[in-house]
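J.: Take this structure first; my questions come after.
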Amino acid sequence: MARRIGIKDVAAAAGVSVTTVSHILNGVEGKRASAETRQRVLRIADELGYAPNGLARGLRLQRSQTIGFISDEIATTPHAGGMVLGAQEAAAAHGMLLLLVNTGGDAELERRSIEMLLQRQVDGVLYAAMYHRVVSLPESLRATPTVLLDARCEDSVIPSVVPDEVQGGYTAVRELIDHGHRRIGMVVPTEDIPALGLRIEGYRRALTDAGISYDPSLVVAEPTVPTETTAGHAAAGYRAARRLLSTDERPTALFCFNDRISAGAYRAAAELGLSVPGDLSVIGFDNQELICEALHPALSTVQLPHYEMGARAVSQLLALTGTPGPPPRPVTQEMLSCPLVARASVASPPRL
């Protein structure tokens with residue numbers, strides 16, 4: 001195995017002291033070294049294949065240059081994987097490594113994983129959830145710089161980055177209203193999660209702002225069985241949409257809690273002889289492209305900003321730890337906007 005090239009090797013080849021090489025390679029300001037010496041040292045370091053010893057540097061700076069990323073199931077699903085990518089690229093931009101642990105919701109595995117990350121002296125931890133919800137933060141993380149990602153704590157003392165679910169719901173329903181719809185149904189699961197209540201709030205606000213009375217009979221919920229699977233959500237969407245579309249005064253448009261539920265709504269419409277968007281406009285939430293582009297016509301939806309959330313969470317963490325990077329910011333409960341992704345499933349209501 002090849003011997004690791006160290007500062008002493010670079011100094012010997014360049015004919016200068018180890019101290020001079022250290023100052024040049026570490027960019028120490030105010031140290032005397034001619035431009036020619038600097039260029040020679042940098043060239044020789046490159047030719048020899050010198051790489052800094054990250055462990056030694058971390059010991060000197062009391063930093064490991066690593067961030068722990070604990071999630072329930074984000075790493076195993078394409079739905080929210082953008083959060084990992086956003087966090088990873090933001091960390092790499094500041095010379096940091098992301099250590100990812102996917103617990104699958106196993107409490108004991110989570111406890112052991114956090115313990116191992118802390119033993120490795122990570123500079124901070126991102127504690128992430130598959131979908132926006134209230135979590136109980138492990139006590140072991142309360143003494144460690146931690147940012148919640150797509151989650152929040154009851155006491156709101158831990159900074160968090162979440163999507164603006166109310167704004168997202170408002171945007172979806174506003175798109176339907178702008179196309180002329182007045183009787184708009186909402187198809188939802190029965191899960192007890194913050195995202196559900198917040199998206200319904202956005203739905204109601206959009207109706208109110210447009211002068212449309214809220215009709216609770218137009219919001220229909222069905223349980224997702226099995227929970228958290230595409231099939232479970234699609235089946236719930238199918239049952240709820242069937243109920244809504246079978247009424248005497250059926251809605252001309254549906255706002256679906258997520259894209260998986262929208263797939264079930266498409267099936268219900270087809271069975272009842274209704275075309276999308278000719279007879280019924282449909283808009284979803286999440287922008288799961290595998291679903292949105294596979295449906296015919298392609299589904300208009302609202303984007304969950306997963307990539308941006310991951311990147312912003314790293315920025316929050318850097319501000320907490322004082323790591324060189326973006327300017328320090330106050331700890332916040334940050335909400336990111338959910339933009340509209342218009343495709344082909346929304347049109348003007350039919351003339352009845």
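Going through the structure tokens in order, the chains are called A, B, and so on, while each chain numbers its residues from 1 and the ligands are numbered from 1 in the order shown.
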Would you pick out the contacts of Pro163 in chain A at 9 Å or less, using only C-alpha atoms, so that residues sharing its chain but fewer than 3 positions from it are not included, and give the list as an MDAnalysis selection string?
T.: chainID A and resid 132 150 166:168 304:306 309 334:338
J.: Those residues with C-alpha atoms, as a CSV table (one decimal), in the first residue's frame please?
T.:
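Output saved as again_17.csv:
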chain,number,residue,atom,x,y,z
A,132,HIS,CA,-44.7,17.0,7.7
A,150,ASP,CA,-40.2,18.4,7.4
A,166,VAL,CA,-51.5,26.4,3.9
A,167,GLN,CA,-50.0,28.4,1.0
A,168,GLY,CA,-49.7,25.2,-1.0
A,304,LEU,CA,-43.3,20.0,-2.2
A,305,PRO,CA,-39.9,21.8,-2.2
A,306,HIS,CA,-37.9,18.8,-0.9
A,309,MET,CA,-35.8,22.1,2.3
A,334,GLU,CA,-38.9,28.3,8.5
A,335,MET,CA,-41.6,27.6,5.9
A,336,LEU,CA,-40.8,27.3,2.2
A,337,SER,CA,-43.3,28.0,-0.5
A,338,CYS,CA,-44.9,25.2,-2.6
J.: Determine which residues of range 160-297 of chain A DSSP labels as strand (DSSP E) from the backbone of this structure, then write them out as a list in words.
T.: Ser160, Val161, Val162, Pro163, Ile184, Gly185, Met186, Val187, Val188, Pro189, Val219, Val220, Ala221, Glu222, Ala253, Leu254, Phe255, Cys256, Ser281, Val282 and Ile283 of chain A
J.: Between A:Gly211, A:Gly273, A:Gly284, A:Gly197, which residue has the minimum interatomic distance to Arg182 in chain A, considering only C-alpha atoms?
T.: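 Result for the nearest residue to Arg182 in chain A: A:Gly211.
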J.: Excluding same-chain residues fewer than 6 positions from Thr103 in chain A, what lies within 9 Å of it counting only C-alpha atoms, as a list in words?
T.: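 Result of the neighbour search: Ile70, Ser71, Asp72, Glu73, Leu109, Glu110 and Ser113 of chain A.
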J.: Tell me which of A:Ile114, A:Ile177, A:Ala236, A:Val16 sits closest to Thr208 in chain A, counting only C-alpha atoms.
T.: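 Comparing A:Ile114, A:Ile177, A:Ala236, A:Val16 against Thr208 in chain A, the winner is A:Ile177.
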J.: What's around Thr332 in chain A at 10 Å? Count only C-alpha atoms, leave out sequence neighbours fewer than 3 positions away in its own chain, and write the answer as a list in words.
T.: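 Counting only the stated atoms, we get Val147, Ser156, Val157, Ile158, Pro159, Ser160, Val161, Gln316, Arg329 and Met335 of chain A.
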J.: Pull all heavy atoms from the residues just selected and write them as a PDB file, in the first residue's frame.
T.:
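So the final result, stored in result-v8.pdb, reads:
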ATOM      1  N   VAL A 147     -31.456  20.489  13.698  1.00  0.00           N
ATOM      2  CA  VAL A 147     -32.511  21.143  12.924  1.00  0.00           C
ATOM      3  C   VAL A 147     -33.494  20.075  12.474  1.00  0.00           C
ATOM      4  O   VAL A 147     -33.098  19.005  11.998  1.00  0.00           O
ATOM      5  CB  VAL A 147     -31.943  21.888  11.694  1.00  0.00           C
ATOM      6  CG1 VAL A 147     -33.069  22.420  10.814  1.00  0.00           C
ATOM      7  CG2 VAL A 147     -31.043  23.034  12.135  1.00  0.00           C
ATOM      8  N   SER A 156     -41.457  24.033  19.996  1.00  0.00           N
ATOM      9  CA  SER A 156     -40.914  24.991  19.011  1.00  0.00           C
ATOM     10  C   SER A 156     -39.586  25.613  19.421  1.00  0.00           C
ATOM     11  O   SER A 156     -39.255  26.710  18.977  1.00  0.00           O
ATOM     12  CB  SER A 156     -41.934  26.100  18.729  1.00  0.00           C
ATOM     13  OG  SER A 156     -43.118  25.565  18.182  1.00  0.00           O
ATOM     14  N   VAL A 157     -38.812  24.932  20.267  1.00  0.00           N
ATOM     15  CA  VAL A 157     -37.512  25.484  20.657  1.00  0.00           C
ATOM     16  C   VAL A 157     -36.397  24.981  19.744  1.00  0.00           C
ATOM     17  O   VAL A 157     -35.274  25.479  19.804  1.00  0.00           O
ATOM     18  CB  VAL A 157     -37.171  25.136  22.122  1.00  0.00           C
ATOM     19  CG1 VAL A 157     -38.174  25.757  23.066  1.00  0.00           C
ATOM     20  CG2 VAL A 157     -37.085  23.628  22.327  1.00  0.00           C
ATOM     21  N   ILE A 158     -36.694  23.996  18.906  1.00  0.00           N
ATOM     22  CA  ILE A 158     -35.713  23.467  17.963  1.00  0.00           C
ATOM     23  C   ILE A 158     -36.027  24.043  16.585  1.00  0.00           C
ATOM     24  O   ILE A 158     -37.174  23.992  16.137  1.00  0.00           O
ATOM     25  CB  ILE A 158     -35.773  21.926  17.907  1.00  0.00           C
ATOM     26  CG1 ILE A 158     -35.590  21.328  19.304  1.00  0.00           C
ATOM     27  CG2 ILE A 158     -34.708  21.378  16.950  1.00  0.00           C
ATOM     28  CD1 ILE A 158     -34.269  21.629  19.948  1.00  0.00           C
ATOM     29  N   PRO A 159     -35.048  24.622  15.894  1.00  0.00           N
ATOM     30  CA  PRO A 159     -35.327  25.184  14.569  1.00  0.00           C
ATOM     31  C   PRO A 159     -35.813  24.109  13.603  1.00  0.00           C
ATOM     32  O   PRO A 159     -35.437  22.943  13.710  1.00  0.00           O
ATOM     33  CB  PRO A 159     -33.980  25.763  14.132  1.00  0.00           C
ATOM     34  CG  PRO A 159     -32.960  25.078  14.969  1.00  0.00           C
ATOM     35  CD  PRO A 159     -33.635  24.772  16.266  1.00  0.00           C
ATOM     36  N   SER A 160     -36.650  24.508  12.663  1.00  0.00           N
ATOM     37  CA  SER A 160     -37.216  23.546  11.728  1.00  0.00           C
ATOM     38  C   SER A 160     -37.362  24.167  10.344  1.00  0.00           C
ATOM     39  O   SER A 160     -37.441  25.390  10.191  1.00  0.00           O
ATOM     40  CB  SER A 160     -38.581  23.065  12.227  1.00  0.00           C
ATOM     41  OG  SER A 160     -39.505  24.129  12.270  1.00  0.00           O
ATOM     42  N   VAL A 161     -37.408  23.300   9.349  1.00  0.00           N
ATOM     43  CA  VAL A 161     -37.678  23.708   7.973  1.00  0.00           C
ATOM     44  C   VAL A 161     -38.807  22.814   7.459  1.00  0.00           C
ATOM     45  O   VAL A 161     -38.670  21.593   7.417  1.00  0.00           O
ATOM     46  CB  VAL A 161     -36.435  23.557   7.075  1.00  0.00           C
ATOM     47  CG1 VAL A 161     -36.755  23.971   5.638  1.00  0.00           C
ATOM     48  CG2 VAL A 161     -35.268  24.384   7.611  1.00  0.00           C
ATOM     49  N   GLN A 316     -29.425  26.311   8.147  1.00  0.00           N
ATOM     50  CA  GLN A 316     -29.839  26.561   9.537  1.00  0.00           C
ATOM     51  C   GLN A 316     -28.818  25.948  10.499  1.00  0.00           C
ATOM     52  O   GLN A 316     -28.447  26.549  11.504  1.00  0.00           O
ATOM     53  CB  GLN A 316     -31.217  25.943   9.789  1.00  0.00           C
ATOM     54  CG  GLN A 316     -32.363  26.696   9.165  1.00  0.00           C
ATOM     55  CD  GLN A 316     -32.962  27.692  10.143  1.00  0.00           C
ATOM     56  OE1 GLN A 316     -32.352  28.062  11.143  1.00  0.00           O
ATOM     57  NE2 GLN A 316     -34.160  28.142   9.849  1.00  0.00           N
ATOM     58  N   ARG A 329     -27.734  33.385  11.054  1.00  0.00           N
ATOM     59  CA  ARG A 329     -29.126  33.809  11.023  1.00  0.00           C
ATOM     60  C   ARG A 329     -29.783  33.427  12.342  1.00  0.00           C
ATOM     61  O   ARG A 329     -29.378  32.468  12.983  1.00  0.00           O
ATOM     62  CB  ARG A 329     -29.889  33.113   9.892  1.00  0.00           C
ATOM     63  CG  ARG A 329     -29.259  33.274   8.543  1.00  0.00           C
ATOM     64  CD  ARG A 329     -29.956  32.410   7.495  1.00  0.00           C
ATOM     65  NE  ARG A 329     -31.342  32.800   7.311  1.00  0.00           N
ATOM     66  CZ  ARG A 329     -32.372  32.075   7.740  1.00  0.00           C
ATOM     67  NH1 ARG A 329     -32.167  30.960   8.381  1.00  0.00           N
ATOM     68  NH2 ARG A 329     -33.597  32.492   7.529  1.00  0.00           N
ATOM     69  N   MET A 335     -40.653  28.232   6.872  1.00  0.00           N
ATOM     70  CA  MET A 335     -41.589  27.600   5.944  1.00  0.00           C
ATOM     71  C   MET A 335     -41.220  27.992   4.520  1.00  0.00           C
ATOM     72  O   MET A 335     -41.041  29.173   4.222  1.00  0.00           O
ATOM     73  CB  MET A 335     -43.032  28.017   6.244  1.00  0.00           C
ATOM     74  CG  MET A 335     -43.559  27.496   7.565  1.00  0.00           C
ATOM     75  SD  MET A 335     -45.360  27.699   7.730  1.00  0.00           S
ATOM     76  CE  MET A 335     -45.491  29.492   7.700  1.00  0.00           C
TER      77      MET A 335
END
J.: Pick from A:Thr66, A:Thr230, A:Ser136, A:Asn258: nearest to Gln88 in chain A, with only C-alpha atoms counted?
T.: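 Between A:Thr66, A:Thr230, A:Ser136, A:Asn258, the residue approaching Gln88 in chain A most closely is A:Thr66.
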J.: I'd like the neighbourhood of Val18 in chain A as a list in words, where a residue qualifies if any of its atoms comes within 8 Å (using only C-alpha atoms), though same-chain residues fewer than 4 positions away should be ignored.
T.: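 Answer for this query is Ile7, Lys8, Ala11 and Ser22 of chain A.
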J.: Record the distance separating CA of Gly264 in chain A and CA of Pro297 in chain A, expressed in Å with one decimal.
T.: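 Computed distance, CA of Gly264 in chain A to CA of Pro297 in chain A, equals 13.8 Å.
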J.: With only C-alpha atoms as the counted atoms, please give the residues lying no more than 6 Å from Gly124 in chain A, apart from itself and same-chain residues fewer than 3 positions off, as a PyMOL selection string.
T.: chain A and resi 67+145-146
J.: Which of range 22-231 of chain A end up as alpha helix (DSSP H) when DSSP is run on this backbone - answer as an NGL selection string?
T.: :A and (22-25 or 35-48 or 54-61 or 81-93 or 107-119 or 165-178 or 194-209 or 230-231)
J.: Using only C-alpha atoms, please write the residues we just selected to a file, as a PDB file, in the first residue's frame.
T.:
ATOM      1  CA  SER A  22       1.686  24.505   6.577  1.00  0.00           C
ATOM      2  CA  HIS A  23       1.049  28.245   6.321  1.00  0.00           C
ATOM      3  CA  ILE A  24       0.831  28.142   2.517  1.00  0.00           C
ATOM      4  CA  LEU A  25      -1.422  25.070   2.303  1.00  0.00           C
ATOM      5  CA  ALA A  35       4.817  34.395  -4.647  1.00  0.00           C
ATOM      6  CA  GLU A  36       7.389  32.085  -6.267  1.00  0.00           C
ATOM      7  CA  THR A  37       7.669  30.003  -3.074  1.00  0.00           C
ATOM      8  CA  ARG A  38       3.913  29.733  -2.769  1.00  0.00           C
ATOM      9  CA  GLN A  39       3.537  28.603  -6.374  1.00  0.00           C
ATOM     10  CA  ARG A  40       6.361  26.041  -5.977  1.00  0.00           C
ATOM     11  CA  VAL A  41       4.879  24.569  -2.779  1.00  0.00           C
ATOM     12  CA  LEU A  42       1.377  24.314  -4.281  1.00  0.00           C
ATOM     13  CA  ARG A  43       2.741  22.733  -7.485  1.00  0.00           C
ATOM     14  CA  ILE A  44       4.820  20.155  -5.613  1.00  0.00           C
ATOM     15  CA  ALA A  45       1.946  19.321  -3.260  1.00  0.00           C
ATOM     16  CA  ASP A  46      -0.224  18.659  -6.290  1.00  0.00           C
ATOM     17  CA  GLU A  47       2.461  16.571  -8.055  1.00  0.00           C
ATOM     18  CA  LEU A  48       3.070  14.444  -4.956  1.00  0.00           C
ATOM     19  CA  GLY A  54      -9.062  15.624   7.813  1.00  0.00           C
ATOM     20  CA  LEU A  55      -8.969  13.833  11.174  1.00  0.00           C
ATOM     21  CA  ALA A  56      -5.992  15.837  12.418  1.00  0.00           C
ATOM     22  CA  ARG A  57      -7.520  19.068  11.156  1.00  0.00           C
ATOM     23  CA  GLY A  58     -10.795  18.209  12.890  1.00  0.00           C
ATOM     24  CA  LEU A  59      -8.977  17.611  16.177  1.00  0.00           C
ATOM     25  CA  ARG A  60      -7.259  20.995  15.904  1.00  0.00           C
ATOM     26  CA  LEU A  61     -10.482  22.823  15.083  1.00  0.00           C
ATOM     27  CA  GLY A  81     -35.248  11.728  -1.705  1.00  0.00           C
ATOM     28  CA  GLY A  82     -34.718  15.311  -2.863  1.00  0.00           C
ATOM     29  CA  MET A  83     -34.322  16.298   0.790  1.00  0.00           C
ATOM     30  CA  VAL A  84     -31.258  14.071   1.077  1.00  0.00           C
ATOM     31  CA  LEU A  85     -29.805  15.414  -2.173  1.00  0.00           C
ATOM     32  CA  GLY A  86     -30.388  19.039  -1.157  1.00  0.00           C
ATOM     33  CA  ALA A  87     -28.774  18.488   2.236  1.00  0.00           C
ATOM     34  CA  GLN A  88     -25.868  16.525   0.779  1.00  0.00           C
ATOM     35  CA  GLU A  89     -25.016  19.121  -1.866  1.00  0.00           C
ATOM     36  CA  ALA A  90     -25.330  22.010   0.593  1.00  0.00           C
ATOM     37  CA  ALA A  91     -23.047  20.185   3.051  1.00  0.00           C
ATOM     38  CA  ALA A  92     -20.494  19.371   0.337  1.00  0.00           C
ATOM     39  CA  ALA A  93     -20.422  23.025  -0.751  1.00  0.00           C
ATOM     40  CA  ALA A 107     -37.164   3.392  17.833  1.00  0.00           C
ATOM     41  CA  GLU A 108     -34.320   1.193  19.094  1.00  0.00           C
ATOM     42  CA  LEU A 109     -32.388   1.519  15.831  1.00  0.00           C
ATOM     43  CA  GLU A 110     -32.885   5.277  16.016  1.00  0.00           C
ATOM     44  CA  ARG A 111     -31.539   5.383  19.592  1.00  0.00           C
ATOM     45  CA  ARG A 112     -28.440   3.366  18.683  1.00  0.00           C
ATOM     46  CA  SER A 113     -27.824   5.360  15.506  1.00  0.00           C
ATOM     47  CA  ILE A 114     -27.985   8.704  17.319  1.00  0.00           C
ATOM     48  CA  GLU A 115     -25.617   7.348  19.959  1.00  0.00           C
ATOM     49  CA  MET A 116     -23.100   6.294  17.290  1.00  0.00           C
ATOM     50  CA  LEU A 117     -23.324   9.630  15.461  1.00  0.00           C
ATOM     51  CA  LEU A 118     -22.699  11.530  18.692  1.00  0.00           C
ATOM     52  CA  GLN A 119     -19.760   9.249  19.517  1.00  0.00           C
ATOM     53  CA  GLU A 165     -48.828  23.679   3.572  1.00  0.00           C
ATOM     54  CA  VAL A 166     -51.456  26.430   3.916  1.00  0.00           C
ATOM     55  CA  GLN A 167     -49.977  28.404   1.045  1.00  0.00           C
ATOM     56  CA  GLY A 168     -49.720  25.220  -1.026  1.00  0.00           C
ATOM     57  CA  GLY A 169     -53.390  24.371  -0.481  1.00  0.00           C
ATOM     58  CA  TYR A 170     -54.342  27.948  -1.279  1.00  0.00           C
ATOM     59  CA  THR A 171     -52.322  27.876  -4.508  1.00  0.00           C
ATOM     60  CA  ALA A 172     -53.965  24.632  -5.659  1.00  0.00           C
ATOM     61  CA  VAL A 173     -57.517  25.846  -5.070  1.00  0.00           C
ATOM     62  CA  ARG A 174     -56.751  29.293  -6.491  1.00  0.00           C
ATOM     63  CA  GLU A 175     -55.708  27.584  -9.750  1.00  0.00           C
ATOM     64  CA  LEU A 176     -59.132  25.932  -9.941  1.00  0.00           C
ATOM     65  CA  ILE A 177     -60.947  29.154  -9.098  1.00  0.00           C
ATOM     66  CA  ASP A 178     -58.969  31.079 -11.713  1.00  0.00           C
ATOM     67  CA  PRO A 194     -50.439  18.540  10.436  1.00  0.00           C
ATOM     68  CA  ALA A 195     -50.297  18.561   6.620  1.00  0.00           C
ATOM     69  CA  LEU A 196     -53.955  17.541   6.392  1.00  0.00           C
ATOM     70  CA  GLY A 197     -55.366  20.332   8.561  1.00  0.00           C
ATOM     71  CA  LEU A 198     -53.061  22.933   7.024  1.00  0.00           C
ATOM     72  CA  ARG A 199     -53.963  22.040   3.440  1.00  0.00           C
ATOM     73  CA  ILE A 200     -57.659  22.157   4.320  1.00  0.00           C
ATOM     74  CA  GLU A 201     -57.059  25.602   5.843  1.00  0.00           C
ATOM     75  CA  GLY A 202     -55.516  26.728   2.551  1.00  0.00           C
ATOM     76  CA  TYR A 203     -58.526  25.318   0.689  1.00  0.00           C
ATOM     77  CA  ARG A 204     -60.920  27.263   2.901  1.00  0.00           C
ATOM     78  CA  ARG A 205     -58.948  30.512   2.675  1.00  0.00           C
ATOM     79  CA  ALA A 206     -58.918  30.372  -1.130  1.00  0.00           C
ATOM     80  CA  LEU A 207     -62.694  29.860  -1.188  1.00  0.00           C
ATOM     81  CA  THR A 208     -63.270  32.723   1.244  1.00  0.00           C
ATOM     82  CA  ASP A 209     -61.065  35.121  -0.720  1.00  0.00           C
ATOM     83  CA  THR A 230     -49.323   4.317  -3.048  1.00  0.00           C
ATOM     84  CA  ALA A 231     -52.004   1.650  -3.402  1.00  0.00           C
TER      85      ALA A 231
END
J.: Using only C-alpha atoms, which protein or nucleic acid residues come within 9 Å of range 214-222 of chain A? Drop anything in the same chain fewer than 4 positions from it, and give the result as a PDB file with C-alpha atoms, in the first residue's frame.
T.:
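Listed below is the output, around-v4.pdb:
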ATOM      1  CA  ARG A 183     -68.008  24.007  -6.719  1.00  0.00           C
ATOM      2  CA  ILE A 184     -64.716  22.465  -5.659  1.00  0.00           C
ATOM      3  CA  GLY A 185     -64.448  19.225  -3.723  1.00  0.00           C
ATOM      4  CA  MET A 186     -61.519  18.087  -1.618  1.00  0.00           C
ATOM      5  CA  VAL A 187     -60.482  14.441  -1.306  1.00  0.00           C
ATOM      6  CA  VAL A 188     -58.383  13.592   1.767  1.00  0.00           C
ATOM      7  CA  PRO A 189     -57.156  10.691   3.930  1.00  0.00           C
ATOM      8  CA  THR A 190     -58.186  10.283   7.553  1.00  0.00           C
ATOM      9  CA  ILE A 200     -57.659  22.157   4.320  1.00  0.00           C
ATOM     10  CA  ARG A 204     -60.920  27.263   2.901  1.00  0.00           C
ATOM     11  CA  LEU A 207     -62.694  29.860  -1.188  1.00  0.00           C
ATOM     12  CA  THR A 208     -63.270  32.723   1.244  1.00  0.00           C
ATOM     13  CA  HIS A 233     -53.805   6.261  -0.931  1.00  0.00           C
ATOM     14  CA  ALA A 235     -57.804   3.330  -3.067  1.00  0.00           C
ATOM     15  CA  ALA A 236     -58.837   5.996  -0.542  1.00  0.00           C
ATOM     16  CA  GLY A 237     -58.923   8.591  -3.310  1.00  0.00           C
ATOM     17  CA  ARG A 239     -63.642   5.720  -2.708  1.00  0.00           C
ATOM     18  CA  ALA A 240     -63.847   9.375  -1.651  1.00  0.00           C
ATOM     19  CA  ALA A 241     -64.058  10.676  -5.220  1.00  0.00           C
ATOM     20  CA  ARG A 243     -68.857   9.435  -3.214  1.00  0.00           C
ATOM     21  CA  LEU A 244     -68.415  13.058  -4.257  1.00  0.00           C
ATOM     22  CA  ARG A 250     -71.293  16.921  -8.110  1.00  0.00           C
ATOM     23  CA  PRO A 251     -68.270  19.233  -7.983  1.00  0.00           C
TER      24      PRO A 251
END
J.: Please measure the separation of CA of Gly68 in chain A and CA of Leu98 in chain A, giving the value in Å to one decimal.
T.: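 Separating CA of Gly68 in chain A from CA of Leu98 in chain A is a distance of 6.0 Å.
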J.: With only C-alpha atoms as the basis for distance, which of A:Ala347, A:Val134, A:Ile212, A:Ala13 is at the shortest distance from Leu254 in chain A?
T.: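 Going through A:Ala347, A:Val134, A:Ile212, A:Ala13 one by one, the smallest distance to Leu254 in chain A is for A:Ala347.
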